[in-house]
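Chemist: structure03.txt is the file, holding compact mmCIF, C-alpha atoms:
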# COMPACT_ATOMS: atom_id res chain seq x y z
CA MET A 1 54.73 -130.14 -143.69
CA ASN A 2 51.40 -131.01 -142.08
CA SER A 3 48.56 -128.63 -141.71
CA GLU A 4 49.50 -127.73 -138.14
CA ASP A 5 53.07 -126.97 -138.91
CA ARG A 6 52.37 -124.48 -141.64
CA TYR A 7 51.19 -122.02 -139.03
CA HIS A 8 54.35 -122.46 -136.93
CA THR A 9 56.37 -120.12 -139.14
CA SER A 10 58.65 -118.95 -136.37
CA SER A 11 60.15 -122.38 -135.82
CA TRP A 12 60.46 -122.93 -139.52
CA ASP A 13 62.19 -119.63 -140.03
CA ALA A 14 64.61 -120.43 -137.29
CA ARG A 15 65.53 -123.73 -138.85
CA GLN A 16 65.74 -122.39 -142.35
CA MET A 17 67.97 -119.29 -141.56
CA PRO A 18 71.67 -119.93 -142.12
CA ASN A 19 74.05 -119.64 -139.15
CA ARG A 20 75.68 -116.13 -139.05
CA PRO A 21 77.90 -116.12 -135.99
CA GLU A 22 79.37 -112.69 -136.80
CA GLN A 23 75.96 -111.12 -136.44
CA ALA A 24 75.23 -113.00 -133.25
CA GLN A 25 78.50 -111.73 -131.64
CA ARG A 26 78.16 -108.09 -132.71
CA PRO A 27 77.42 -105.91 -129.70
CA PRO A 28 74.49 -103.60 -129.74
CA ALA A 29 75.23 -100.44 -131.56
CA GLY A 30 75.81 -97.46 -129.27
CA PRO A 31 75.39 -93.80 -130.05
CA ALA A 32 77.46 -92.61 -132.96
CA LYS A 33 80.73 -90.87 -132.01
CA PRO A 34 81.02 -87.28 -133.08
CA ARG A 35 83.37 -86.78 -135.91
CA LYS A 36 86.59 -85.01 -134.97
CA LYS A 37 87.23 -81.71 -136.59
CA LYS A 38 90.53 -81.40 -138.31
CA LYS A 39 92.83 -79.02 -136.39
CA LYS A 40 94.02 -75.97 -138.17
CA ARG A 41 97.82 -75.93 -138.12
CA ILE A 42 99.55 -72.67 -137.03
CA ASN A 43 102.34 -71.35 -139.17
CA PRO A 44 105.61 -72.34 -137.33
CA PHE A 45 107.34 -69.09 -138.25
CA LEU A 46 104.44 -67.03 -136.97
CA GLY A 47 104.50 -68.99 -133.72
CA PHE A 48 108.23 -68.38 -133.29
CA VAL A 49 107.82 -64.65 -133.92
CA LEU A 50 105.02 -64.52 -131.36
CA TRP A 51 107.16 -66.37 -128.79
CA VAL A 52 110.10 -64.01 -129.35
CA ALA A 53 107.82 -61.00 -128.99
CA ILE A 54 106.37 -62.25 -125.69
CA VAL A 55 109.79 -63.14 -124.24
CA GLY A 56 111.28 -59.84 -125.40
CA ALA A 57 108.46 -57.78 -123.96
CA SER A 58 108.59 -59.66 -120.65
CA SER A 59 112.37 -59.27 -120.43
CA ALA A 60 112.16 -55.56 -121.19
CA ILE A 61 109.54 -55.08 -118.49
CA PHE A 62 111.50 -57.06 -115.90
CA ALA A 63 114.75 -55.29 -116.83
CA SER A 64 113.13 -51.87 -116.53
CA VAL A 65 111.56 -52.69 -113.19
CA GLY A 66 114.81 -54.24 -111.94
CA TRP A 67 116.79 -51.17 -112.97
CA LEU A 68 114.39 -48.85 -111.17
CA LEU A 69 114.52 -50.95 -108.00
CA ALA A 70 118.33 -51.19 -108.15
CA ASN A 71 118.59 -47.42 -108.55
CA ASP A 72 116.38 -46.91 -105.52
CA PHE A 73 118.24 -49.51 -103.44
CA ALA A 74 121.69 -48.05 -104.25
CA ALA A 75 120.59 -44.38 -104.10
CA LEU A 76 121.61 -43.74 -107.71
CA ASN A 77 120.61 -40.75 -109.81
CA LYS A 78 118.96 -38.92 -106.91
CA THR A 79 119.63 -35.29 -107.75
CA PRO A 80 119.80 -32.70 -106.39
CA ARG A 81 121.20 -33.93 -103.08
CA LYS A 82 118.72 -33.55 -100.25
CA GLU A 83 119.25 -33.78 -96.49
CA VAL A 84 116.39 -34.18 -94.03
CA SER A 85 115.85 -34.51 -90.32
CA PHE A 86 113.99 -37.80 -89.96
CA GLU A 87 112.12 -38.78 -86.81
CA ILE A 88 111.02 -42.20 -85.59
CA PRO A 89 108.53 -41.55 -82.76
CA GLU A 90 107.86 -43.83 -79.84
CA ASP A 91 104.41 -44.86 -81.09
CA TRP A 92 105.94 -46.53 -84.16
CA ALA A 93 107.12 -49.38 -81.93
CA SER A 94 105.50 -52.64 -83.04
CA GLU A 95 106.78 -55.36 -80.70
CA THR A 96 109.49 -56.36 -78.27
CA ARG A 97 111.85 -59.14 -79.30
CA THR A 98 114.60 -61.01 -77.45
CA ASN A 99 117.90 -61.15 -79.33
CA GLU A 100 120.58 -63.85 -79.26
CA ASP A 101 122.21 -62.29 -76.19
CA GLY A 102 118.97 -62.48 -74.24
CA LYS A 103 118.40 -58.73 -74.39
CA GLU A 104 115.01 -57.28 -75.21
CA ILE A 105 114.93 -55.13 -78.34
CA THR A 106 112.12 -52.83 -79.39
CA CYS A 107 111.12 -53.32 -83.02
CA TYR A 108 109.56 -50.60 -85.16
CA ASP A 109 106.91 -50.68 -87.86
CA LEU A 110 108.71 -50.76 -91.21
CA SER A 111 105.53 -49.80 -93.07
CA LYS A 112 105.40 -46.46 -91.27
CA VAL A 113 109.13 -45.93 -91.67
CA ALA A 114 109.03 -46.70 -95.40
CA LYS A 115 106.04 -44.41 -95.94
CA ALA A 116 107.79 -41.53 -94.17
CA LEU A 117 111.00 -42.11 -96.13
CA LYS A 118 108.98 -41.92 -99.34
CA GLU A 119 107.29 -38.70 -98.24
CA ASP A 120 110.68 -37.14 -97.49
CA GLY A 121 112.01 -38.11 -100.93
CA LEU A 122 114.64 -40.51 -99.59
CA ILE A 123 113.23 -43.60 -101.35
CA GLU A 124 110.86 -44.23 -104.25
CA TYR A 125 109.43 -47.68 -103.56
CA PRO A 126 108.25 -48.23 -99.96
CA TRP A 127 107.22 -51.84 -100.65
CA PHE A 128 110.73 -52.71 -101.84
CA PHE A 129 112.28 -51.03 -98.78
CA ARG A 130 109.94 -53.05 -96.56
CA LEU A 131 110.94 -56.25 -98.36
CA PHE A 132 114.64 -55.50 -97.91
CA GLY A 133 114.03 -54.47 -94.31
CA TRP A 134 112.27 -57.76 -93.63
CA VAL A 135 115.20 -59.76 -95.02
CA TYR A 136 117.75 -57.58 -93.21
CA LYS A 137 115.69 -57.58 -89.95
CA ALA A 138 115.77 -53.81 -90.00
CA ASP A 139 112.80 -53.47 -87.64
CA ALA A 140 115.11 -54.54 -84.80
CA LYS A 141 118.06 -52.43 -85.97
CA ILE A 142 116.42 -49.01 -86.14
CA SER A 143 115.42 -47.08 -83.05
CA GLN A 144 113.45 -44.16 -81.75
CA GLY A 145 115.01 -40.75 -82.30
CA THR A 146 115.74 -37.99 -84.78
CA PHE A 147 118.34 -38.69 -87.45
CA THR A 148 120.03 -36.76 -90.24
CA LEU A 149 119.51 -38.63 -93.52
CA ASN A 150 120.22 -37.71 -97.12
CA THR A 151 119.53 -38.92 -100.65
CA ASP A 152 123.10 -40.21 -101.07
CA MET A 153 122.33 -43.01 -98.60
CA ASP A 154 121.38 -46.42 -99.95
CA TYR A 155 119.01 -48.72 -98.08
CA MET A 156 121.80 -50.11 -95.88
CA ALA A 157 123.06 -46.63 -95.00
CA LEU A 158 119.55 -45.41 -94.20
CA ILE A 159 119.01 -48.27 -91.78
CA ARG A 160 122.44 -47.83 -90.19
CA ASN A 161 121.76 -44.13 -89.68
CA MET A 162 118.34 -44.69 -88.13
CA ARG A 163 119.59 -46.06 -84.86
CA THR A 164 120.85 -44.46 -81.69
CA SER A 165 123.51 -45.68 -79.36
CA GLY A 166 121.00 -47.03 -76.89
CA GLY A 167 122.60 -44.84 -74.20
CA SER A 168 121.68 -41.37 -73.05
CA ALA A 169 120.15 -38.74 -75.31
CA GLU A 170 123.09 -36.42 -74.67
CA THR A 171 125.40 -35.96 -77.64
CA VAL A 172 128.86 -34.54 -78.13
CA THR A 173 130.31 -33.05 -81.30
CA LEU A 174 133.81 -34.27 -82.14
CA THR A 175 136.10 -33.42 -85.02
CA ILE A 176 138.47 -36.24 -85.99
CA PRO A 177 141.60 -34.60 -87.45
CA GLU A 178 143.20 -35.95 -90.62
CA GLY A 179 146.12 -38.22 -89.81
CA TYR A 180 144.86 -39.41 -86.42
CA SER A 181 145.50 -43.07 -85.68
CA VAL A 182 142.81 -45.36 -84.26
CA LYS A 183 144.45 -45.09 -80.84
CA GLN A 184 144.36 -41.29 -80.97
CA ILE A 185 140.70 -41.40 -82.04
CA ILE A 186 139.86 -43.72 -79.13
CA ASP A 187 141.67 -41.41 -76.70
CA LEU A 188 139.72 -38.40 -78.04
CA MET A 189 136.40 -40.23 -77.83
CA ALA A 190 137.07 -41.48 -74.29
CA LYS A 191 138.14 -38.01 -73.17
CA ASN A 192 134.80 -36.63 -74.37
CA GLY A 193 132.65 -39.33 -72.79
CA VAL A 194 131.64 -41.25 -75.92
CA GLY A 195 132.77 -44.40 -74.12
CA THR A 196 135.51 -45.79 -71.93
CA GLU A 197 138.97 -46.36 -73.34
CA ALA A 198 138.71 -50.06 -72.49
CA GLY A 199 135.29 -50.46 -74.09
CA LEU A 200 136.21 -48.55 -77.23
CA THR A 201 139.46 -50.49 -77.57
CA GLU A 202 137.72 -53.84 -77.14
CA THR A 203 135.17 -52.92 -79.80
CA ALA A 204 137.83 -51.75 -82.23
CA GLN A 205 139.73 -54.99 -81.70
CA ASN A 206 136.97 -57.58 -81.81
CA TYR A 207 133.61 -56.30 -83.01
CA VAL A 208 132.57 -57.79 -86.36
CA PHE A 209 131.52 -54.92 -88.62
CA GLU A 210 129.75 -57.20 -91.07
CA ASP A 211 128.21 -54.39 -93.13
CA PHE A 212 131.61 -53.22 -94.42
CA GLU A 213 133.51 -55.54 -96.73
CA PHE A 214 136.69 -53.44 -96.57
CA VAL A 215 137.08 -54.11 -92.83
CA ASP A 216 139.15 -57.16 -91.91
CA ASN A 217 136.69 -59.18 -89.82
CA ASP A 218 138.74 -62.38 -90.00
CA ASN A 219 141.78 -61.26 -88.03
CA LEU A 220 140.38 -59.86 -84.81
CA GLY A 221 142.37 -58.74 -81.80
CA ASN A 222 144.15 -55.61 -83.02
CA ILE A 223 142.82 -52.08 -83.43
CA SER A 224 145.01 -51.66 -86.53
CA ARG A 225 142.35 -53.55 -88.54
CA LEU A 226 140.29 -50.32 -88.53
CA GLU A 227 143.27 -48.14 -89.38
CA GLY A 228 142.65 -45.98 -92.42
CA TYR A 229 138.87 -46.43 -92.48
CA LEU A 230 137.72 -44.12 -89.66
CA PHE A 231 137.15 -41.16 -91.92
CA PRO A 232 138.32 -37.80 -90.52
CA ASP A 233 135.29 -35.53 -90.17
CA THR A 234 132.98 -33.90 -87.62
CA TYR A 235 130.55 -36.26 -85.88
CA ASN A 236 127.76 -36.17 -83.31
CA PHE A 237 128.26 -39.09 -80.92
CA TYR A 238 126.01 -40.20 -78.08
CA VAL A 239 127.59 -39.84 -74.66
CA GLY A 240 128.03 -43.23 -73.03
CA GLY A 241 126.51 -44.96 -76.05
CA ARG A 242 127.30 -48.19 -77.85
CA ALA A 243 130.87 -48.09 -79.09
CA GLU A 244 130.20 -50.09 -82.25
CA LEU A 245 127.71 -47.49 -83.47
CA ALA A 246 130.21 -44.66 -83.00
CA PHE A 247 132.74 -46.57 -85.13
CA THR A 248 129.99 -47.46 -87.60
CA SER A 249 129.33 -43.75 -88.20
CA MET A 250 132.96 -43.24 -89.24
CA LEU A 251 133.08 -46.41 -91.33
CA ASN A 252 129.86 -45.44 -93.06
CA ASN A 253 131.34 -42.03 -93.85
CA PHE A 254 134.40 -43.69 -95.39
CA GLU A 255 132.14 -45.94 -97.47
CA ASN A 256 130.14 -42.99 -98.80
CA LYS A 257 133.00 -40.55 -99.40
CA VAL A 258 135.73 -42.94 -100.57
CA TYR A 259 134.59 -46.50 -101.30
CA ASN A 260 131.44 -45.45 -103.19
CA ASN A 261 132.73 -42.09 -104.41
CA ASP A 262 132.10 -41.86 -108.17
CA ASP A 263 135.04 -39.47 -108.60
CA LEU A 264 137.45 -41.96 -107.03
CA SER A 265 136.02 -45.34 -107.99
CA ASP A 266 137.54 -45.43 -111.49
CA LEU A 267 140.96 -44.47 -110.10
CA ILE A 268 140.69 -47.16 -107.43
CA VAL A 269 139.81 -49.77 -110.06
CA THR A 270 142.80 -48.67 -112.18
CA TYR A 271 145.19 -49.23 -109.28
CA GLN A 272 143.53 -52.50 -108.34
CA ASP A 273 144.04 -53.66 -111.93
CA ALA A 274 147.72 -52.72 -111.51
CA GLY A 275 147.97 -55.01 -108.47
CA TYR A 276 147.26 -52.67 -105.55
CA SER A 277 144.53 -53.61 -103.09
CA LEU A 278 142.28 -51.00 -101.51
CA GLN A 279 144.13 -51.50 -98.23
CA GLN A 280 147.47 -50.78 -99.93
CA ILE A 281 146.06 -47.63 -101.54
CA ILE A 282 144.82 -46.40 -98.15
CA THR A 283 148.16 -47.39 -96.59
CA ILE A 284 150.01 -45.22 -99.12
CA ALA A 285 147.53 -42.40 -98.42
CA SER A 286 148.20 -42.71 -94.67
CA LEU A 287 151.96 -42.44 -95.23
CA ILE A 288 151.38 -39.34 -97.35
CA GLU A 289 149.11 -37.86 -94.64
CA LYS A 290 151.75 -38.27 -91.94
CA GLU A 291 154.60 -36.93 -94.11
CA THR A 292 153.03 -34.02 -96.00
CA ASP A 293 153.64 -30.34 -95.31
CA GLY A 294 150.14 -29.72 -96.62
CA GLU A 295 151.04 -28.79 -100.18
CA ASP A 296 153.25 -31.59 -101.50
CA ARG A 297 151.07 -34.69 -101.25
CA ASP A 298 151.40 -35.65 -104.92
CA LYS A 299 155.22 -35.35 -104.80
CA ILE A 300 155.48 -37.50 -101.67
CA ALA A 301 153.21 -40.01 -103.42
CA SER A 302 155.63 -40.07 -106.36
CA VAL A 303 158.57 -40.79 -104.03
CA ILE A 304 156.68 -43.71 -102.45
CA TYR A 305 155.75 -45.24 -105.81
CA ASN A 306 159.26 -44.71 -107.20
CA ARG A 307 160.76 -46.56 -104.23
CA LEU A 308 158.17 -49.33 -104.40
CA THR A 309 158.68 -50.03 -108.09
CA ASN A 310 162.39 -49.28 -108.63
CA ALA A 311 165.42 -50.36 -106.66
CA GLY A 312 167.11 -47.01 -107.30
CA GLU A 313 169.42 -46.05 -104.48
CA THR A 314 167.07 -47.24 -101.72
CA ASN A 315 166.66 -50.91 -102.73
CA TYR A 316 162.84 -50.80 -102.30
CA LEU A 317 163.08 -49.45 -98.72
CA LEU A 318 160.56 -46.67 -98.05
CA GLN A 319 162.49 -45.41 -94.99
CA ILE A 320 159.56 -43.37 -93.64
CA ASP A 321 159.92 -42.18 -90.05
CA ALA A 322 156.16 -41.91 -89.44
CA ALA A 323 155.77 -45.68 -89.77
CA LEU A 324 158.57 -46.22 -87.26
CA VAL A 325 156.87 -43.83 -84.82
CA TYR A 326 153.63 -45.82 -85.28
CA ALA A 327 155.47 -49.04 -84.43
CA ALA A 328 157.21 -47.61 -81.38
CA GLY A 329 154.20 -45.73 -80.04
CA ARG A 330 156.56 -42.96 -78.90
CA GLU A 331 159.24 -40.61 -80.13
CA ILE A 332 161.91 -42.68 -81.85
CA THR A 333 165.63 -42.79 -81.13
CA GLN A 334 168.55 -43.26 -83.50
CA ALA A 335 168.85 -46.89 -82.37
CA ASP A 336 165.26 -47.62 -83.45
CA TYR A 337 166.20 -47.31 -87.13
CA THR A 338 168.22 -50.51 -86.93
CA ASP A 339 167.08 -52.21 -83.73
CA LEU A 340 163.28 -51.85 -83.61
CA ASP A 341 161.95 -55.21 -84.78
CA SER A 342 158.57 -54.47 -86.36
CA PRO A 343 157.00 -54.90 -89.80
CA TYR A 344 156.33 -51.15 -89.58
CA ASN A 345 160.08 -50.43 -89.48
CA LEU A 346 160.49 -49.44 -93.12
CA TYR A 347 164.23 -49.02 -92.68
CA ARG A 348 164.51 -52.78 -92.21
CA ASN A 349 161.57 -54.08 -94.26
CA THR A 350 160.96 -53.43 -97.93
CA GLY A 351 157.59 -52.46 -99.36
CA LEU A 352 154.53 -51.20 -97.51
CA PRO A 353 153.69 -51.75 -93.82
CA PRO A 354 151.00 -54.37 -93.09
CA THR A 355 148.25 -51.77 -92.47
CA PRO A 356 147.75 -48.03 -92.78
CA ILE A 357 149.41 -46.05 -90.02
CA ALA A 358 146.71 -43.36 -89.75
CA ASN A 359 143.34 -42.30 -91.08
CA PRO A 360 143.94 -40.12 -94.15
CA GLY A 361 141.72 -37.37 -95.49
CA ILE A 362 140.34 -37.21 -99.01
CA ALA A 363 143.25 -35.07 -100.31
CA SER A 364 145.85 -37.68 -99.36
CA ILE A 365 143.72 -40.51 -100.76
CA ARG A 366 143.41 -38.61 -104.02
CA ALA A 367 147.20 -38.04 -104.06
CA ALA A 368 147.75 -41.78 -103.62
CA LEU A 369 145.62 -42.29 -106.73
CA GLN A 370 147.07 -39.36 -108.70
CA PRO A 371 150.77 -39.05 -107.83
CA ALA A 372 153.01 -36.54 -109.54
CA GLN A 373 155.22 -37.95 -112.29
CA THR A 374 158.77 -37.36 -111.00
CA ASN A 375 162.15 -39.05 -110.60
CA TYR A 376 162.33 -38.08 -106.93
CA TYR A 377 163.54 -40.68 -104.42
CA PHE A 378 164.37 -38.40 -101.48
CA TYR A 379 162.97 -35.49 -99.51
CA VAL A 380 163.94 -33.62 -96.38
CA LEU A 381 162.06 -30.98 -94.40
CA GLY A 382 163.62 -27.56 -94.90
CA SER A 383 163.97 -24.83 -92.31
CA ASP A 384 160.91 -23.09 -93.78
CA GLY A 385 158.70 -26.10 -93.11
CA LYS A 386 158.66 -27.18 -96.75
CA HIS A 387 160.13 -30.37 -98.18
CA ILE A 388 163.14 -30.34 -100.46
CA PHE A 389 162.95 -33.11 -103.09
CA ASN A 390 165.90 -34.72 -104.85
CA GLU A 391 166.59 -37.52 -107.31
CA THR A 392 169.90 -38.89 -106.01
CA LEU A 393 171.39 -39.70 -102.63
CA ALA A 394 174.25 -37.24 -103.22
CA GLN A 395 171.78 -34.41 -103.81
CA HIS A 396 169.78 -35.50 -100.76
CA ASN A 397 172.84 -35.54 -98.48
CA ALA A 398 173.75 -32.05 -99.67
CA ALA A 399 170.22 -30.85 -98.85
CA VAL A 400 170.37 -32.46 -95.40
CA ALA A 401 173.68 -30.74 -94.71
CA GLN A 402 172.26 -27.42 -95.85
CA VAL A 403 169.26 -27.78 -93.54
CA ALA A 404 171.51 -28.76 -90.63
CA ALA A 405 173.58 -25.65 -91.24
CA GLY A 406 170.43 -23.53 -91.05
CA GLY A 407 170.18 -22.92 -94.78
Write the structure described by the file as structure tokens, please.
Modeler:
Amino acid sequence: MNSEDRYHTSSWDARQMPNRPEQAQRPPAGPAKPRKKKKKRINPFLGFVLWVAIVGASSAIFASVGWLLANDFAALNKTPRKEVSFEIPEDWASETRTNEDGKEITCYDLSKVAKALKEDGLIEYPWFFRLFGWVYKADAKISQGTFTLNTDMDYMALIRNMRTSGGSAETVTLTIPEGYSVKQIIDLMAKNGVGTEAGLTETAQNYVFEDFEFVDNDNLGNISRLEGYLFPDTYNFYVGGRAELAFTSMLNNFENKVYNNDDLSDLIVTYQDAGYSLQQIITIASLIEKETDGEDRDKIASVIYNRLTNAGETNYLLQIDAALVYAAGREITQADYTDLDSPYNLYRNTGLPPTPIANPGIASIRAALQPAQTNYYFYVLGSDGKHIFNETLAQHNAAVAQVAAGG
């Protein structure tokens, strides 16, 4: 090394340092990463208990709320029974809407309706009524007027009873007697101006009463599809109003007093479990209604069930004159027993007729569900207006002869 080079230490150092490729390739050090804290593990059993507690509490809350809403919707546990006069004034109208038929319909404010129903004690949860009313399009189904409502009515019944006929404000009070047929009811309504015979008949034949599952809406064209369900009672009908709403009042009454009657529902279920449909139960009740002397409903019921379930001496033939009269639409003759070709001729056809033959009252419906336990197969009307019941044909023929002789 010469004297000049000894001062060039940087070049010497570079030559003398060994090659260290790993240091040359190392990237510049960045900021140090924070050290992760070790997570504290939760006890699995404790977590499961917590999950069960949350789910259980949530389910209990939802179940409680659901039960309260269901009670309000179905008008359950509302005691004591309360009836109110409920008014929907003209200024509750909210808008005018055109329906599918091109007719303009006035809609009413469901918020005001629900609030008033709450104030009158008819519902508990106005918001839930509004929600149901929105789904059901109730704002277009209710109308201005004053209506008689009660705490036995569920949401559907309240809405159905808050609408007028859309006709005049004049009303007529009619009492539908027990045992009237649909045709007799139509004649009575037409005679008192509720509607025309043609209009009422057309409605009974073909209108779809979608709110009532017990009505046969699949087989239109015959008024007999309403037979048995127009509950005998006293009604206020609008003169010249909409026929379907007059029938709806009677159907709604049947639904409340029979179909949803707590005293009858268990009995109805028992008979349905035994193979009888609701229509067959009402058919039996209608036969009882047309045959009873007013005091022997349960005995007539026993005769009908005995003939239906045992061949006996009648070979499953009910042989009830009232059904034959229904088929003929007039007073029957002796020839009708053998010659009248109709499924309602119970001298030719075994079992029950295809529909009820009249609209029975609650006493006859109850008798159909609680018949007397007898071995009777026959009865004949005595000279005192009371039926004579017998077990055998020989006994029956003797009773008939006695009655004919004036005994």
Chemist: Nearest to Ala157 in chain A among A:Leu69, A:Leu122, A:Leu264, A:Leu200, with distances taken over only C-alpha atoms: which residue is it?
Modeler: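 Using only C-alpha atoms, the shortest distance to Ala157 in chain A belongs to A:Leu122.
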Chemist: Hey, what's within 12 Å of Lys82 in chain A if we count all atoms listed in the file and toss same-chain stuff fewer than 6 positions away? As a list in words, please?
Modeler: Ala75, Asp120, Gly121, Leu122, Ile123, Thr148, Leu149, Asn150, Thr151, Asp152 and Met153 of chain A
Chemist: Name the closest residue to Gln319 in chain A among the candidates A:Thr350, A:Glu289, A:Asn306, A:Trp127; distances are taken between atoms, counting only C-alpha atoms.
Modeler: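 Using only C-alpha atoms, the shortest distance to Gln319 in chain A belongs to A:Thr350.
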Chemist: In terms of the shortest atom-to-atom distance over only C-alpha atoms, which of A:Asn261, A:Thr203, A:Ser364, A:Asn99 is closest to Lys141 in chain A?
Modeler: A:Asn99
Chemist: What's the separation between CA of Gly179 in chain A and CA of Gly361 in chain A, in Å to one decimal place?
Modeler: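 These two atoms are separated by 7.2 Å.
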Chemist: Of the candidates A:Gly351, A:Gly275, A:Pro343, A:Gly294, which one gets nearest to Leu317 in chain A if we count only C-alpha atoms?
Modeler: A:Gly351
Chemist: Calculated over all atoms listed in the file, which of the candidates A:Asp109, A:Asp298, A:Glu331, A:Glu197 has the smallest distance to Phe389 in chain A?
Modeler: A:Asp298
Chemist: Could you tell me how far CA of Tyr207 in chain A sits from CA of Leu158 in chain A, in Å to one decimal place?
Modeler: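 Pair CA of Leu158 in chain A / CA of Tyr207 in chain A returns 21.0 Å.
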Chemist: Could you work out how far CA of Lys112 in chain A lies from CA of Trp92 in chain A, giving the answer in Å with one decimal?
Modeler: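 Separation of CA of Trp92 in chain A and CA of Lys112 in chain A: 7.1 Å.
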